[in-house]
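Coordinates from structure-v7.tsv are shown below (TSV, C-alpha atoms).
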```tsv
chain	number	residue	atom	x	y	z
A	18	MET	CA	3.96	-25.36	15.67
A	19	GLY	CA	5.60	-23.14	13.08
A	20	GLU	CA	8.97	-21.87	11.97
A	21	PHE	CA	10.46	-18.54	13.03
A	22	LEU	CA	13.70	-16.81	12.06
A	23	ARG	CA	15.54	-15.06	14.90
A	24	PHE	CA	18.45	-12.63	14.44
A	25	ARG	CA	20.23	-9.88	16.40
A	26	LEU	CA	20.82	-6.21	15.66
A	27	HIS	CA	23.43	-4.15	17.49
A	28	GLY	CA	25.81	-1.36	16.52
A	29	PRO	CA	27.47	1.79	17.85
A	30	LEU	CA	24.75	3.83	16.11
A	31	ALA	CA	21.28	3.06	14.77
A	32	SER	CA	18.61	5.29	13.27
A	33	TRP	CA	15.08	4.19	12.48
A	34	GLY	CA	13.63	7.18	10.65
A	35	GLU	CA	9.87	7.45	10.17
A	36	THR	CA	9.62	10.80	8.36
A	37	PRO	CA	11.70	10.75	5.15
A	38	GLY	CA	12.68	14.07	3.65
A	39	ALA	CA	12.08	16.19	6.78
A	40	SER	CA	14.64	18.68	8.09
A	41	ILE	CA	14.41	16.99	11.50
A	42	ARG	CA	15.01	13.26	11.07
A	43	ALA	CA	13.80	11.64	14.25
A	44	THR	CA	14.37	7.99	15.11
A	45	ALA	CA	11.98	5.43	16.53
A	46	LEU	CA	13.03	3.45	19.60
A	47	HIS	CA	13.03	0.20	17.61
A	48	PRO	CA	13.54	-0.87	13.98
A	49	THR	CA	10.72	0.18	11.66
A	50	ARG	CA	9.09	-2.29	9.27
A	51	SER	CA	10.70	-0.45	6.36
A	52	ALA	CA	14.15	-0.79	7.94
A	53	LEU	CA	13.76	-4.52	8.62
A	54	LEU	CA	12.47	-5.23	5.12
A	55	GLY	CA	15.28	-3.10	3.69
A	56	LEU	CA	17.90	-5.01	5.67
A	57	VAL	CA	16.55	-8.39	4.52
A	58	ALA	CA	16.25	-7.13	0.92
A	59	ALA	CA	19.87	-5.92	0.99
A	60	ALA	CA	20.99	-9.31	2.28
A	61	LEU	CA	19.08	-10.99	-0.56
A	62	GLY	CA	20.57	-8.59	-3.11
A	63	LEU	CA	17.24	-7.16	-4.31
A	64	ASP	CA	17.60	-4.19	-6.63
A	65	ARG	CA	15.99	-0.99	-5.32
A	66	GLN	CA	14.32	-0.55	-8.72
A	67	ASP	CA	12.58	-3.93	-8.49
A	68	ASP	CA	9.41	-2.82	-6.75
A	69	ALA	CA	7.63	-6.11	-7.48
A	70	ALA	CA	10.24	-8.10	-5.53
A	71	HIS	CA	10.08	-5.71	-2.56
A	72	VAL	CA	6.28	-5.89	-2.50
A	73	GLU	CA	6.41	-9.70	-2.60
A	74	LEU	CA	8.89	-9.75	0.29
A	75	GLY	CA	6.80	-7.35	2.35
A	76	ARG	CA	3.60	-9.29	1.69
A	77	ALA	CA	5.12	-12.50	3.10
A	78	LEU	CA	7.05	-11.35	6.18
A	79	ARG	CA	5.91	-10.33	9.64
A	80	PHE	CA	8.17	-9.17	12.48
A	81	ALA	CA	8.29	-9.02	16.25
A	82	VAL	CA	11.05	-7.00	17.92
A	83	ARG	CA	12.40	-7.15	21.46
A	84	VAL	CA	14.24	-3.98	22.48
A	85	ASP	CA	17.11	-5.44	24.52
A	86	ALA	CA	18.75	-2.03	24.98
A	87	LEU	CA	17.19	1.35	24.27
A	88	GLY	CA	20.63	2.90	23.92
A	89	VAL	CA	21.47	6.57	24.37
A	90	PRO	CA	20.05	9.36	22.16
A	91	LEU	CA	22.52	11.19	19.93
A	92	VAL	CA	21.83	14.20	17.67
A	93	ASP	CA	23.87	15.18	14.59
A	94	TYR	CA	23.75	18.56	12.82
A	95	HIS	CA	23.94	17.58	9.16
A	96	THR	CA	24.43	19.46	5.89
A	97	ALA	CA	23.96	18.00	2.41
A	98	GLN	CA	23.66	19.05	-1.20
A	99	VAL	CA	20.22	18.64	-2.76
A	100	LEU	CA	18.68	19.30	-6.15
A	101	VAL	CA	16.63	22.51	-6.13
A	102	PRO	CA	12.96	21.68	-6.92
A	103	LYS	CA	11.74	23.16	-10.20
A	104	ARG	CA	8.51	22.88	-12.13
A	105	GLY	CA	8.81	20.27	-14.89
A	106	ARG	CA	12.01	18.77	-13.47
A	107	ARG	CA	11.77	15.09	-12.71
A	108	PRO	CA	12.71	14.27	-9.08
A	109	PRO	CA	15.91	12.21	-8.71
A	110	GLU	CA	15.37	8.51	-8.04
A	111	SER	CA	18.49	8.07	-5.90
A	112	ARG	CA	20.99	10.06	-3.91
A	113	ALA	CA	23.60	9.40	-6.61
A	114	ASP	CA	21.33	10.94	-9.24
A	115	GLN	CA	20.77	13.95	-7.03
A	116	VAL	CA	24.42	14.89	-6.45
A	117	ALA	CA	25.31	14.13	-10.11
A	118	ALA	CA	23.28	17.15	-11.22
A	119	PRO	CA	25.14	20.30	-12.43
A	120	ARG	CA	26.45	22.39	-9.53
A	121	HIS	CA	24.28	25.39	-10.34
A	122	GLN	CA	21.18	23.19	-9.79
A	123	LEU	CA	22.29	22.18	-6.29
A	124	ALA	CA	21.71	23.89	-2.97
A	125	THR	CA	22.78	23.16	0.59
A	126	THR	CA	20.18	21.92	3.03
A	127	VAL	CA	20.50	21.62	6.78
A	128	SER	CA	18.97	18.81	8.80
A	129	VAL	CA	19.11	17.50	12.34
A	130	ARG	CA	19.44	13.71	12.51
A	131	HIS	CA	18.73	11.61	15.57
A	132	TYR	CA	20.38	8.29	16.44
A	133	ARG	CA	20.39	5.66	19.17
A	134	ALA	CA	23.88	4.81	20.43
A	135	ASP	CA	24.58	1.29	21.75
A	136	ALA	CA	21.06	0.03	21.15
A	137	ALA	CA	20.39	-3.69	20.71
A	138	TYR	CA	17.44	-5.67	19.41
A	139	THR	CA	16.33	-9.25	18.89
A	140	VAL	CA	14.11	-9.74	15.84
A	141	VAL	CA	11.81	-12.69	15.17
A	142	ALA	CA	10.41	-13.01	11.65
A	143	TRP	CA	7.83	-15.40	10.27
A	144	VAL	CA	5.86	-15.96	7.06
A	145	GLU	CA	2.12	-15.46	6.81
A	146	GLY	CA	0.63	-17.12	3.75
A	147	ASP	CA	2.65	-18.24	0.74
A	148	PRO	CA	6.34	-17.29	1.10
A	149	GLY	CA	6.91	-17.55	-2.64
A	150	ARG	CA	10.64	-17.40	-3.30
A	151	PHE	CA	11.36	-15.91	0.14
A	152	SER	CA	11.32	-18.89	2.47
A	153	LEU	CA	12.86	-18.60	5.93
A	154	ASP	CA	15.70	-20.90	4.81
A	155	THR	CA	16.46	-18.50	1.95
A	156	LEU	CA	16.40	-15.51	4.28
A	157	ARG	CA	18.64	-17.21	6.83
A	158	ALA	CA	21.23	-18.05	4.18
A	159	ALA	CA	21.18	-14.44	2.95
A	160	LEU	CA	21.67	-13.04	6.45
A	161	VAL	CA	24.66	-15.33	6.97
A	162	GLN	CA	26.25	-14.16	3.69
A	163	PRO	CA	24.58	-10.88	2.70
A	164	HIS	CA	24.81	-9.64	-0.88
A	165	PHE	CA	25.11	-5.95	0.07
A	166	VAL	CA	26.69	-4.35	3.13
A	167	LEU	CA	24.07	-4.15	5.88
A	168	SER	CA	23.40	-1.22	8.19
A	169	LEU	CA	21.12	-0.20	11.04
A	170	GLY	CA	18.83	2.24	9.27
A	171	ARG	CA	21.49	4.36	7.57
A	172	LYS	CA	24.77	3.61	5.81
A	173	SER	CA	26.60	5.46	8.58
A	174	CYS	CA	25.33	2.87	11.10
A	175	PRO	CA	27.26	-0.39	10.59
A	176	LEU	CA	26.61	-3.61	12.46
A	177	ALA	CA	28.82	-4.40	15.46
A	178	TRP	CA	27.71	-8.02	15.94
A	179	PRO	CA	27.01	-10.86	13.52
A	180	LEU	CA	23.28	-11.26	12.90
A	181	ALA	CA	23.47	-14.89	14.09
A	182	PRO	CA	20.26	-15.93	12.26
A	183	ARG	CA	18.66	-19.14	13.45
A	184	ILE	CA	15.48	-20.94	12.42
A	185	ILE	CA	13.44	-22.03	15.44
A	186	VAL	CA	10.37	-24.26	15.57
A	187	ALA	CA	7.87	-22.99	18.12
A	188	GLU	CA	4.19	-22.25	18.62
A	189	THR	CA	4.63	-18.47	18.86
A	190	ALA	CA	7.17	-15.68	18.54
A	191	ALA	CA	6.81	-15.18	22.31
A	192	ALA	CA	8.11	-18.72	22.84
A	193	VAL	CA	11.15	-17.87	20.72
A	194	PHE	CA	11.87	-14.82	22.87
A	195	ARG	CA	11.32	-16.72	26.11
A	196	ASN	CA	13.62	-19.62	25.20
A	197	ASP	CA	16.63	-17.50	24.25
A	198	PRO	CA	19.90	-19.29	25.12
A	199	ASP	CA	21.92	-16.08	24.66
A	200	ALA	CA	19.93	-13.95	27.12
A	201	ALA	CA	22.16	-14.89	30.05
A	202	LEU	CA	25.25	-14.05	27.98
A	203	PHE	CA	23.86	-10.57	27.24
A	204	ASP	CA	23.21	-10.01	30.96
A	205	GLU	CA	26.79	-11.01	31.78
A	206	LEU	CA	28.43	-8.87	29.08
A	207	PHE	CA	26.16	-5.83	29.33
A	208	PRO	CA	24.43	-5.86	32.73
A	209	ARG	CA	23.30	-2.24	32.48
A	210	TRP	CA	21.37	-2.98	29.25
A	211	ARG	CA	18.61	-4.87	31.00
A	212	ARG	CA	17.85	-1.76	33.03
A	213	ARG	CA	17.06	-0.04	29.72
A	214	PHE	CA	14.84	-2.77	28.32
A	215	GLY	CA	12.27	-1.40	25.90
A	216	GLY	CA	9.60	-4.10	25.58
A	217	PHE	CA	8.13	-5.88	22.55
A	218	TYR	CA	6.68	-4.59	19.27
A	219	TRP	CA	4.97	-6.78	16.70
A	220	GLU	CA	2.47	-7.01	13.85
A	221	GLY	CA	0.38	-9.57	12.06
A	222	ASN	CA	-1.46	-12.57	13.48
A	223	GLU	CA	-1.66	-12.16	17.27
A	224	ALA	CA	-1.97	-15.92	17.76
A	225	LEU	CA	1.39	-16.42	16.04
A	226	ALA	CA	2.97	-13.55	17.96
A	227	GLY	CA	1.73	-14.97	21.26
A	228	LEU	CA	1.97	-11.54	22.92
A	229	SER	CA	-0.71	-9.61	24.80
A	230	GLU	CA	-1.27	-6.13	23.41
A	231	ARG	CA	-1.07	-3.27	25.91
A	232	GLU	CA	-0.91	-0.42	23.40
A	233	ARG	CA	-1.43	0.09	19.67
A	234	HIS	CA	0.47	2.66	17.62
A	235	GLU	CA	-0.01	3.92	14.09
A	236	ARG	CA	3.17	3.87	11.95
A	237	ARG	CA	3.91	5.13	8.46
A	238	ASP	CA	6.67	2.67	7.59
A	239	VAL	CA	5.25	0.20	5.07
A	240	PRO	CA	7.13	0.71	1.79
A	241	THR	CA	4.91	0.79	-1.28
A	242	SER	CA	7.79	1.65	-3.64
A	243	ARG	CA	11.49	1.51	-2.83
A	244	ARG	CA	12.24	3.25	-6.11
A	245	ARG	CA	10.05	6.27	-5.34
A	246	GLN	CA	10.48	6.02	-1.54
A	247	THR	CA	6.77	6.07	-0.78
A	248	TYR	CA	5.18	4.56	2.33
A	249	THR	CA	1.78	3.79	3.78
A	250	ARG	CA	0.40	3.30	7.28
A	251	ARG	CA	-0.08	0.28	9.52
A	252	PHE	CA	-0.88	-0.47	13.16
A	253	GLU	CA	1.70	-1.95	15.51
A	254	SER	CA	1.15	-3.62	18.87
A	255	TYR	CA	3.25	-3.12	22.00
A	256	SER	CA	3.71	-4.99	25.27
A	257	PRO	CA	6.23	-4.29	28.06
A	258	GLU	CA	6.59	-7.97	28.91
A	259	LEU	CA	6.07	-11.55	27.79
A	260	PRO	CA	3.01	-13.57	28.82
A	261	GLU	CA	3.62	-16.28	31.41
A	262	GLU	CA	2.52	-19.32	29.41
A	263	VAL	CA	4.93	-20.04	26.55
A	264	SER	CA	5.52	-23.39	24.86
A	265	ASP	CA	8.79	-25.20	24.32
A	266	VAL	CA	10.84	-24.65	21.19
A	267	SER	CA	13.39	-26.51	19.11
A	268	GLN	CA	16.24	-24.81	17.27
A	269	SER	CA	18.11	-25.50	14.08
A	270	PRO	CA	21.91	-25.10	13.95
```
Take the structure from the file and write it as structure tokens.
Amino acid sequence: MGEFLRFRLHGPLASWGETPGASIRATALHPTRSALLGLVAAALGLDRQDDAAHVELGRALRFAVRVDALGVPLVDYHTAQVLVPKRGRRPPESRADQVAAPRHQLATTVSVRHYRADAAYTVVAWVEGDPGRFSLDTLRAALVQPHFVLSLGRKSCPLAWPLAPRIIVAETAAAVFRNDPDAALFDELFPRWRRRFGGFYWEGNEALAGLSERERHERRDVPTSRRRQTYTRRFESYSPELPEEVSDVSQSP
């Protein structure tokens, strides 16, 4: 038996970008690892410049995601001011630094940004190895009272529901998904959502996930530096359904 942290994500818009800096900003069908770590880091109040803290957080946490509602695709034609690249000029470290540059150094760029409207997800997180200062109790407390305002991938995508984080004792993440007391409530409030169910995505120890892999996808969403916005690759597993045999669970308040 182990401990798992379950929380919900839902909002009018969500965007889980996997290609930063591109003129076409696509969105994944579920939260990326970078987005989930960023949300937890924002709740904890971690400074974007503190790469060591972000690396420590990422080293400890693993995630499994159930796509409760795929939502509806939405595309936005977007214009923004950017700093014109120039040899010898140091790239800006933040959006604020970029737009603070003198006007003659700025240009207008056009991008197409993709979103998911009315999507919903259930996330189960667990710790592999030494959690250090980021225990599940610490993460739960931060998600209840986040330090920074949280969003679903972008600042323009606010949360519509409370995260409702809960620590659950179970053998696997699959058991946490199976024994979900709110599933019937979701079916009653949003019956059409179940017809747009998107399956399960996870990473890390398969024994702890308790899910049977049907597909494996390569993702470039592991942040190596929040300050420089650099990422590396990983492999992610997918299954359209839960296995039949899942153990009982016990839940904390």
All residues 12 Å or closer to A:Ser152, only C-alpha atoms, same chain fewer than 2 positions away omitted, as a list in words =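 Here the qualifying residues turn out to be Glu20, Phe21, Leu22, Val57, Leu61, Glu73, Leu74, Ala77, Leu78, Ala142, Trp143, Val144, Glu145, Gly146, Asp147, Pro148, Gly149, Arg150, Asp154, Thr155, Leu156, Arg157, Ala158, Ala159 and Ile184 of chain A.
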Write out as JSON, numbers by chain each polymer residue whose atoms come within 7 Å of A:Gly215, counting all atoms listed in the file; drop sequence neighbours fewer than 5 positions from it.
-> {"A": [84, 85, 86, 87]}
Closest to A:Ala192 among A:His47, A:Arg23, A:Arg233, A:Arg250, using only C-alpha atoms?
-> A:Arg23
With a distance cut-off of 10 Å and only C-alpha atoms, select the neighbouring residues of A:Glu220, excluding the residue or stretch itself and same-chain residues fewer than 3 positions from it, and output the selection as a PyMOL selection string.
-> chain A and resi 50+78-82+223+225-226+233+251-255
Quick one: everything within 6 Å of A:Tyr248, counting all atoms listed in the file, minus sequence neighbours fewer than 4 positions away in the same chain. Send it as a list in words.
-> Asp238, Val239, Pro240 and Thr241 of chain A
Since the input lacks some atoms of stretch 53-64 of chain A, please model all heavy atoms and print them as a compact mmCIF listing (two decimals), in the frame of the given file.
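Here's the written file rebuild03.txt:
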```txt
# COMPACT_ATOMS: atom_id res chain seq x y z
N LEU A 53 13.55 -3.07 8.57
CA LEU A 53 13.76 -4.52 8.62
C LEU A 53 13.63 -5.14 7.24
O LEU A 53 14.44 -5.99 6.84
CB LEU A 53 12.76 -5.16 9.59
CG LEU A 53 12.98 -4.82 11.06
CD1 LEU A 53 11.84 -5.37 11.91
CD2 LEU A 53 14.32 -5.37 11.55
N LEU A 54 12.61 -4.72 6.48
CA LEU A 54 12.47 -5.23 5.12
C LEU A 54 13.65 -4.80 4.26
O LEU A 54 14.14 -5.57 3.42
CB LEU A 54 11.16 -4.73 4.50
CG LEU A 54 9.87 -5.36 5.04
CD1 LEU A 54 8.66 -4.64 4.47
CD2 LEU A 54 9.82 -6.85 4.70
N GLY A 55 14.13 -3.57 4.45
CA GLY A 55 15.28 -3.10 3.69
C GLY A 55 16.54 -3.88 4.00
O GLY A 55 17.33 -4.20 3.11
N LEU A 56 16.73 -4.23 5.28
CA LEU A 56 17.90 -5.01 5.67
C LEU A 56 17.86 -6.40 5.04
O LEU A 56 18.86 -6.89 4.49
CB LEU A 56 17.97 -5.10 7.20
CG LEU A 56 19.17 -5.85 7.78
CD1 LEU A 56 19.67 -5.12 9.03
CD2 LEU A 56 18.80 -7.28 8.17
N VAL A 57 16.69 -7.05 5.11
CA VAL A 57 16.55 -8.39 4.52
C VAL A 57 16.71 -8.31 3.00
O VAL A 57 17.36 -9.16 2.38
CB VAL A 57 15.18 -8.99 4.90
CG1 VAL A 57 14.96 -10.30 4.15
CG2 VAL A 57 15.11 -9.24 6.41
N ALA A 58 16.13 -7.28 2.37
CA ALA A 58 16.25 -7.13 0.92
C ALA A 58 17.70 -6.91 0.50
O ALA A 58 18.15 -7.44 -0.52
CB ALA A 58 15.38 -5.95 0.45
N ALA A 59 18.45 -6.14 1.30
CA ALA A 59 19.87 -5.92 0.99
C ALA A 59 20.65 -7.22 1.11
O ALA A 59 21.53 -7.52 0.30
CB ALA A 59 20.45 -4.86 1.93
N ALA A 60 20.33 -8.01 2.13
CA ALA A 60 20.99 -9.31 2.28
C ALA A 60 20.71 -10.22 1.10
O ALA A 60 21.58 -10.95 0.62
CB ALA A 60 20.56 -9.97 3.59
N LEU A 61 19.47 -10.16 0.59
CA LEU A 61 19.08 -10.99 -0.56
C LEU A 61 19.64 -10.46 -1.87
O LEU A 61 19.67 -11.18 -2.87
CB LEU A 61 17.56 -11.03 -0.67
CG LEU A 61 16.81 -11.83 0.41
CD1 LEU A 61 15.33 -11.49 0.40
CD2 LEU A 61 17.02 -13.34 0.20
N GLY A 62 20.05 -9.19 -1.89
CA GLY A 62 20.57 -8.59 -3.11
C GLY A 62 19.49 -8.06 -4.03
O GLY A 62 19.71 -7.94 -5.24
N LEU A 63 18.32 -7.70 -3.48
CA LEU A 63 17.24 -7.16 -4.31
C LEU A 63 17.60 -5.77 -4.79
O LEU A 63 18.05 -4.92 -4.02
CB LEU A 63 15.93 -7.12 -3.54
CG LEU A 63 15.37 -8.45 -3.01
CD1 LEU A 63 14.00 -8.22 -2.39
CD2 LEU A 63 15.31 -9.49 -4.10
N ASP A 64 17.37 -5.51 -6.06
CA ASP A 64 17.60 -4.19 -6.63
C ASP A 64 16.53 -3.21 -6.14
O ASP A 64 15.35 -3.55 -6.09
CB ASP A 64 17.57 -4.28 -8.16
CG ASP A 64 18.10 -3.01 -8.82
OD1 ASP A 64 17.58 -1.92 -8.53
OD2 ASP A 64 19.03 -3.13 -9.64
```
